[in-house]
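K.L.:
This is the structure I have questions about; it appears just below.
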Amino acid sequence: MAKKIPVKELLNKFNFQVINKGRPSRRYITSSGIARIGIELATNIKPAHKKQTNPVCFGTSELNYFKQATPHAFKQMMKRVKKLNPPMIILNSAFKTEDIKKLLKGIGKTDITIASLNMSSTDIYFDISPWIARKIAPSSIIHGTLMSIYGIGVLITGDSGTGKSEAAMELLKAGRMFIGDDAIEVYNYGHSIFGRPSDIAKQFMEVRGLGILDVSRMFGWQATMQETQIHMIVHLVNPETSKKNLNEFERLGVSQPREKIRGVNIPKYFIPVTVGRPTASLIESAVIDFKMKKAGYNSAQTYLDNYDKVITKGVRK
């Protein structure tokens, strides 16, 4: 589902100085990036789009152009800006008090939010564009519990009753970070998958027998994160209800199963859950194994290589 961002949310996120309030709660950003509208300012050429759906940035180049324009030409520019009707106009640090007064006079009464940042245009692009892109990226919902363990984003999935939330509680006690439970919103940004809690389930976890728990209140805000990249999936399996027999699970761990989420293949670990097995510790071990493989070391492959060397040596004797 595609997202839209109220201008108010962008204003609250960054240190803007609001010059013209507009209607920040009722105007929305619906496309990524920050626009520059040089052609629209300079000519009467009809733009390809009727309305601007992302913020417009006026930087040093635009300011110099405004200063060189005649009063009539400047007025025509502002008319074209109002016709494009962007949800917001961002002014960089080059705009001083007199420049801002001239801009406000030229544009007149408008519901476009105009705000300035004490930053260069380049810094505005680097800071704000990625934030907008991630907020409005198409997303989907996955059922599971999302944790950050040793800096690795782990999506814990499994059938009902396999102890996902219970394992998450044990991980929290061990100092790991909680992102969300039950409904995880996932999106693709830069061919990496990120996850965040749904708006309803933020900071809450459902534990069988205890009900809904507020993680931030129980463990402190320092134990929670707003989102994380999903590096791996750990799928908890009940061998009694699974189609797989316990003996069918990977014993050596040479091959690495993967699951595709929004077009990206994510490494996936299967952990059978049985009475007495320390699920939380096994999840941590899977994370360590993942990190070692990322560093180029595969324990199972090294074991097989050593095994082959021993067997080959024995045959030669």
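Residue numbering restarts at 1 for every chain of the structure tokens, chains are lettered A, B, ... in their displayed order, and ligands are numbered from 1 as they appear.
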With segment 122-144 of chain A as the partner and 9 Å as the cut-off, tabulate the residues of segment 56-113 of chain A that qualify, each row holding the nearest pair of atoms and their distance in Å to one decimal, using only C-alpha atoms, sorted by chain and rising number, as a Markdown table.

P.N.:
```
| residue | atom | partner | partner_atom | distance |
| --- | --- | --- | --- | --- |
| A:Cys57 | CA | A:Ile124 | CA | 8.5 |
| A:Ile90 | CA | A:Ile124 | CA | 8.8 |
| A:Asn92 | CA | A:Ile124 | CA | 7.7 |
```

K.L.:
Write the selection just made, keeping all heavy atoms, as a PDB file, in the first residue's frame?

P.N.:
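To be explicit, this is the file written out as result_13.pdb:
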```
ATOM      1  N   CYS A  57      12.168  22.706  -3.247  1.00  0.00           N
ATOM      2  CA  CYS A  57      13.254  23.396  -2.548  1.00  0.00           C
ATOM      3  C   CYS A  57      13.698  24.607  -3.368  1.00  0.00           C
ATOM      4  O   CYS A  57      13.971  24.491  -4.563  1.00  0.00           O
ATOM      5  CB  CYS A  57      14.435  22.459  -2.324  1.00  0.00           C
ATOM      6  SG  CYS A  57      15.850  23.250  -1.504  1.00  0.00           S
ATOM      7  N   ILE A  90      10.490  24.528   0.678  1.00  0.00           N
ATOM      8  CA  ILE A  90      11.595  24.557   1.638  1.00  0.00           C
ATOM      9  C   ILE A  90      12.634  25.569   1.151  1.00  0.00           C
ATOM     10  O   ILE A  90      13.093  25.497   0.006  1.00  0.00           O
ATOM     11  CB  ILE A  90      12.244  23.166   1.779  1.00  0.00           C
ATOM     12  CG1 ILE A  90      11.202  22.138   2.240  1.00  0.00           C
ATOM     13  CG2 ILE A  90      13.410  23.213   2.754  1.00  0.00           C
ATOM     14  CD1 ILE A  90      11.699  20.700   2.206  1.00  0.00           C
ATOM     15  N   ASN A  92      16.435  27.204   1.632  1.00  0.00           N
ATOM     16  CA  ASN A  92      17.715  26.868   2.254  1.00  0.00           C
ATOM     17  C   ASN A  92      18.275  28.068   3.017  1.00  0.00           C
ATOM     18  O   ASN A  92      17.646  29.138   3.097  1.00  0.00           O
ATOM     19  CB  ASN A  92      18.692  26.312   1.221  1.00  0.00           C
ATOM     20  CG  ASN A  92      19.354  27.392   0.380  1.00  0.00           C
ATOM     21  OD1 ASN A  92      18.961  28.562   0.406  1.00  0.00           O
ATOM     22  ND2 ASN A  92      20.361  27.010  -0.390  1.00  0.00           N
TER      23      ASN A  92
END
```

K.L.:
What's around Ser93 of chain A at 6 Å? Count only C-alpha atoms, leave out sequence neighbours fewer than 2 positions away in its own chain, and write the answer as a short mmCIF file (atom, residue, chain, number, x, y, z; two decimals) with N, CA and C atoms, in the first residue's frame.

P.N.:
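Result saved to selection07.cif:
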```
data_model
loop_
_atom_site.label_atom_id
_atom_site.label_comp_id
_atom_site.auth_asym_id
_atom_site.auth_seq_id
_atom_site.Cartn_x
_atom_site.Cartn_y
_atom_site.Cartn_z
N PHE A 95 18.46 32.13 2.07
CA PHE A 95 17.36 33.08 2.18
C PHE A 95 17.44 33.85 3.51
N ASN A 118 18.21 25.90 8.23
CA ASN A 118 19.56 26.45 8.24
C ASN A 118 20.55 25.42 7.69
N MET A 119 20.31 25.06 6.43
CA MET A 119 21.11 24.03 5.76
C MET A 119 21.27 24.40 4.30
N SER A 120 22.31 23.85 3.68
CA SER A 120 22.48 24.02 2.24
C SER A 120 21.48 23.13 1.51
#
```

K.L.:
Name all residues at most 9 Å from Arg36 of chain A (count only C-alpha atoms; drop same-chain ones fewer than 3 positions away) and give them as a count of residues only.

P.N.:
7

K.L.:
Between A:Leu91, A:Met232, A:Gly153, A:Ser165, which one has atoms that come closest to Gly209 of chain A, using only C-alpha atoms?

P.N.:
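Comparing A:Leu91, A:Met232, A:Gly153, A:Ser165 against Gly209 of chain A, the winner is A:Ser165.
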
K.L.:
If we count only C-alpha atoms, what is near segment 285-291 of chain A at a cut-off of 9 Å, once residues fewer than 4 positions away on the same chain are taken out, given as a ChimeraX atom specification?

P.N.:
/A:149-150,152,154,231-232,234,267,269,271,280-281,295-299

K.L.:
Take the residues from that selection and put them in a file with N, CA, C and O atoms, as a PDB file, in the first residue's frame.

P.N.:
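Dumped to result-v9.pdb:
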```pdb
ATOM      1  N   ILE A 149      19.173  -7.959  17.152  1.00  0.00           N
ATOM      2  CA  ILE A 149      20.047  -8.791  17.987  1.00  0.00           C
ATOM      3  C   ILE A 149      21.480  -8.639  17.497  1.00  0.00           C
ATOM      4  O   ILE A 149      21.778  -8.950  16.341  1.00  0.00           O
ATOM      5  N   TYR A 150      22.340  -8.134  18.342  1.00  0.00           N
ATOM      6  CA  TYR A 150      23.737  -7.863  17.963  1.00  0.00           C
ATOM      7  C   TYR A 150      23.809  -6.984  16.718  1.00  0.00           C
ATOM      8  O   TYR A 150      24.681  -7.154  15.871  1.00  0.00           O
ATOM      9  N   ILE A 152      21.724  -6.939  14.264  1.00  0.00           N
ATOM     10  CA  ILE A 152      21.110  -7.605  13.107  1.00  0.00           C
ATOM     11  C   ILE A 152      19.595  -7.618  13.280  1.00  0.00           C
ATOM     12  O   ILE A 152      19.080  -8.032  14.322  1.00  0.00           O
ATOM     13  N   VAL A 154      16.186  -9.157  12.975  1.00  0.00           N
ATOM     14  CA  VAL A 154      15.717 -10.544  12.903  1.00  0.00           C
ATOM     15  C   VAL A 154      14.194 -10.571  12.942  1.00  0.00           C
ATOM     16  O   VAL A 154      13.580 -10.110  13.913  1.00  0.00           O
ATOM     17  N   HIS A 231      17.629  -8.314   8.214  1.00  0.00           N
ATOM     18  CA  HIS A 231      18.768  -9.027   7.636  1.00  0.00           C
ATOM     19  C   HIS A 231      18.498 -10.516   7.489  1.00  0.00           C
ATOM     20  O   HIS A 231      19.041 -11.165   6.588  1.00  0.00           O
ATOM     21  N   MET A 232      17.677 -11.074   8.385  1.00  0.00           N
ATOM     22  CA  MET A 232      17.450 -12.521   8.385  1.00  0.00           C
ATOM     23  C   MET A 232      16.087 -12.840   8.991  1.00  0.00           C
ATOM     24  O   MET A 232      15.480 -12.016   9.676  1.00  0.00           O
ATOM     25  N   VAL A 234      14.079 -15.925  11.225  1.00  0.00           N
ATOM     26  CA  VAL A 234      14.144 -17.158  12.007  1.00  0.00           C
ATOM     27  C   VAL A 234      12.717 -17.689  12.115  1.00  0.00           C
ATOM     28  O   VAL A 234      11.833 -17.017  12.668  1.00  0.00           O
ATOM     29  N   PRO A 267      17.961 -14.401   3.963  1.00  0.00           N
ATOM     30  CA  PRO A 267      18.348 -15.682   4.572  1.00  0.00           C
ATOM     31  C   PRO A 267      17.355 -16.108   5.657  1.00  0.00           C
ATOM     32  O   PRO A 267      16.905 -15.281   6.446  1.00  0.00           O
ATOM     33  N   TYR A 269      16.374 -19.130   8.633  1.00  0.00           N
ATOM     34  CA  TYR A 269      16.769 -20.238   9.486  1.00  0.00           C
ATOM     35  C   TYR A 269      15.512 -20.907  10.043  1.00  0.00           C
ATOM     36  O   TYR A 269      14.577 -20.222  10.466  1.00  0.00           O
ATOM     37  N   ILE A 271      14.135 -23.296  13.025  1.00  0.00           N
ATOM     38  CA  ILE A 271      14.491 -23.834  14.339  1.00  0.00           C
ATOM     39  C   ILE A 271      13.308 -24.633  14.879  1.00  0.00           C
ATOM     40  O   ILE A 271      12.229 -24.065  15.141  1.00  0.00           O
ATOM     41  N   ALA A 280      15.373 -18.816  22.735  1.00  0.00           N
ATOM     42  CA  ALA A 280      16.023 -17.508  22.633  1.00  0.00           C
ATOM     43  C   ALA A 280      17.518 -17.655  22.372  1.00  0.00           C
ATOM     44  O   ALA A 280      18.098 -16.947  21.528  1.00  0.00           O
ATOM     45  N   SER A 281      18.154 -18.585  23.066  1.00  0.00           N
ATOM     46  CA  SER A 281      19.593 -18.809  22.871  1.00  0.00           C
ATOM     47  C   SER A 281      19.887 -19.341  21.475  1.00  0.00           C
ATOM     48  O   SER A 281      20.902 -18.984  20.859  1.00  0.00           O
ATOM     49  N   ALA A 295      30.777 -12.605   7.093  1.00  0.00           N
ATOM     50  CA  ALA A 295      32.216 -12.313   7.149  1.00  0.00           C
ATOM     51  C   ALA A 295      33.035 -13.301   6.332  1.00  0.00           C
ATOM     52  O   ALA A 295      34.266 -13.175   6.247  1.00  0.00           O
ATOM     53  N   GLY A 296      32.358 -14.303   5.726  1.00  0.00           N
ATOM     54  CA  GLY A 296      33.044 -15.245   4.855  1.00  0.00           C
ATOM     55  C   GLY A 296      33.401 -16.572   5.494  1.00  0.00           C
ATOM     56  O   GLY A 296      34.109 -17.383   4.889  1.00  0.00           O
ATOM     57  N   TYR A 297      32.907 -16.822   6.715  1.00  0.00           N
ATOM     58  CA  TYR A 297      33.229 -18.084   7.389  1.00  0.00           C
ATOM     59  C   TYR A 297      31.961 -18.920   7.547  1.00  0.00           C
ATOM     60  O   TYR A 297      30.966 -18.468   8.116  1.00  0.00           O
ATOM     61  N   ASN A 298      32.001 -20.152   7.042  1.00  0.00           N
ATOM     62  CA  ASN A 298      30.891 -21.084   7.152  1.00  0.00           C
ATOM     63  C   ASN A 298      31.349 -22.287   7.978  1.00  0.00           C
ATOM     64  O   ASN A 298      32.153 -23.098   7.521  1.00  0.00           O
ATOM     65  N   SER A 299      30.840 -22.379   9.204  1.00  0.00           N
ATOM     66  CA  SER A 299      31.280 -23.445  10.119  1.00  0.00           C
ATOM     67  C   SER A 299      31.040 -24.831   9.533  1.00  0.00           C
ATOM     68  O   SER A 299      31.912 -25.717   9.598  1.00  0.00           O
TER      69      SER A 299
END
```

K.L.:
If we count only C-alpha atoms and set the cut-off at 10 Å, which residues sit around Lys82 of chain A, ignoring sequence neighbours fewer than 5 positions away in its own chain? Please answer as a VMD selection string.

P.N.:
chain A and resid 51 to 52 76 to 77 107 to 112

K.L.:
Write the residues you've just listed into a file as a compact mmCIF listing (two decimals), in the first residue's frame, and include all heavy atoms for each of them.

P.N.:
```
# COMPACT_ATOMS: atom_id res chain seq x y z
N LYS A 51 0.06 19.15 -10.91
CA LYS A 51 0.35 19.58 -9.55
C LYS A 51 1.59 18.88 -9.02
O LYS A 51 1.89 17.75 -9.38
CB LYS A 51 -0.84 19.31 -8.64
CG LYS A 51 -2.07 20.13 -9.00
CD LYS A 51 -2.98 20.35 -7.82
CE LYS A 51 -4.10 21.31 -8.19
NZ LYS A 51 -5.02 21.55 -7.07
N GLN A 52 2.31 19.59 -8.16
CA GLN A 52 3.52 19.04 -7.54
C GLN A 52 3.10 18.27 -6.30
O GLN A 52 2.40 18.80 -5.43
CB GLN A 52 4.46 20.19 -7.16
CG GLN A 52 5.88 19.77 -6.92
CD GLN A 52 6.59 19.42 -8.21
OE1 GLN A 52 6.42 20.09 -9.22
NE2 GLN A 52 7.40 18.39 -8.17
N GLN A 76 4.93 36.78 -11.94
CA GLN A 76 4.51 35.70 -12.82
C GLN A 76 5.08 34.35 -12.35
O GLN A 76 4.40 33.32 -12.41
CB GLN A 76 4.96 35.98 -14.27
CG GLN A 76 4.27 37.17 -14.92
CD GLN A 76 2.75 37.04 -14.91
OE1 GLN A 76 2.20 36.01 -15.32
NE2 GLN A 76 2.07 38.07 -14.42
N MET A 77 6.32 34.38 -11.86
CA MET A 77 6.92 33.16 -11.32
C MET A 77 6.09 32.62 -10.15
O MET A 77 5.81 31.42 -10.06
CB MET A 77 8.34 33.44 -10.81
CG MET A 77 9.37 33.72 -11.86
SD MET A 77 10.96 34.05 -11.05
CE MET A 77 11.78 35.00 -12.31
N ILE A 107 4.11 35.73 -3.38
CA ILE A 107 3.25 34.54 -3.49
C ILE A 107 1.85 34.82 -2.93
O ILE A 107 0.87 34.17 -3.31
CB ILE A 107 3.89 33.32 -2.80
CG1 ILE A 107 3.32 32.03 -3.39
CG2 ILE A 107 3.72 33.35 -1.29
CD1 ILE A 107 4.11 30.78 -3.04
N GLY A 108 1.74 35.77 -2.03
CA GLY A 108 0.44 36.14 -1.50
C GLY A 108 -0.18 35.09 -0.59
O GLY A 108 0.52 34.21 -0.07
N LYS A 109 -1.49 35.15 -0.45
CA LYS A 109 -2.19 34.21 0.41
C LYS A 109 -2.20 32.82 -0.22
O LYS A 109 -2.57 32.66 -1.39
CB LYS A 109 -3.63 34.68 0.65
CG LYS A 109 -4.38 33.86 1.69
CD LYS A 109 -5.76 34.43 1.93
CE LYS A 109 -6.50 33.60 2.97
NZ LYS A 109 -7.87 34.13 3.24
N THR A 110 -1.77 31.83 0.54
CA THR A 110 -1.68 30.47 0.01
C THR A 110 -1.75 29.45 1.14
O THR A 110 -1.40 29.77 2.29
CB THR A 110 -0.36 30.27 -0.76
OG1 THR A 110 -0.28 28.91 -1.22
CG2 THR A 110 0.85 30.55 0.11
N ASP A 111 -2.24 28.25 0.83
CA ASP A 111 -2.24 27.18 1.83
C ASP A 111 -1.00 26.30 1.70
O ASP A 111 -0.92 25.24 2.30
CB ASP A 111 -3.52 26.35 1.74
CG ASP A 111 -3.62 25.57 0.43
OD1 ASP A 111 -2.75 25.75 -0.44
OD2 ASP A 111 -4.57 24.78 0.28
N ILE A 112 -0.03 26.74 0.88
CA ILE A 112 1.24 26.03 0.77
C ILE A 112 2.08 26.36 2.01
O ILE A 112 2.29 27.53 2.33
CB ILE A 112 2.02 26.44 -0.49
CG1 ILE A 112 1.21 26.16 -1.76
CG2 ILE A 112 3.38 25.73 -0.55
CD1 ILE A 112 1.81 26.76 -3.02
```

K.L.:
Show which residues sit within 9 Å of segment 261-263 of chain A, as a ChimeraX atom specification. Count only C-alpha atoms, and ignore same-chain residues fewer than 4 positions away.

P.N.:
/A:139-140,186-188,191,193

K.L.:
When you count only C-alpha atoms, which of these residues is closest to Leu117 of chain A: A:Ser25, A:Phe66, A:Arg176, A:Ile89?

P.N.:
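Comparing A:Ser25, A:Phe66, A:Arg176, A:Ile89 against Leu117 of chain A, the winner is A:Ile89.
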
K.L.:
Find the distance between atom CA of Pro24 of chain A and atom CA of Glu9 of chain A and write it in Å to one decimal.

P.N.:
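Atom-to-atom, atom CA of Pro24 of chain A and atom CA of Glu9 of chain A are spaced 8.2 Å apart.
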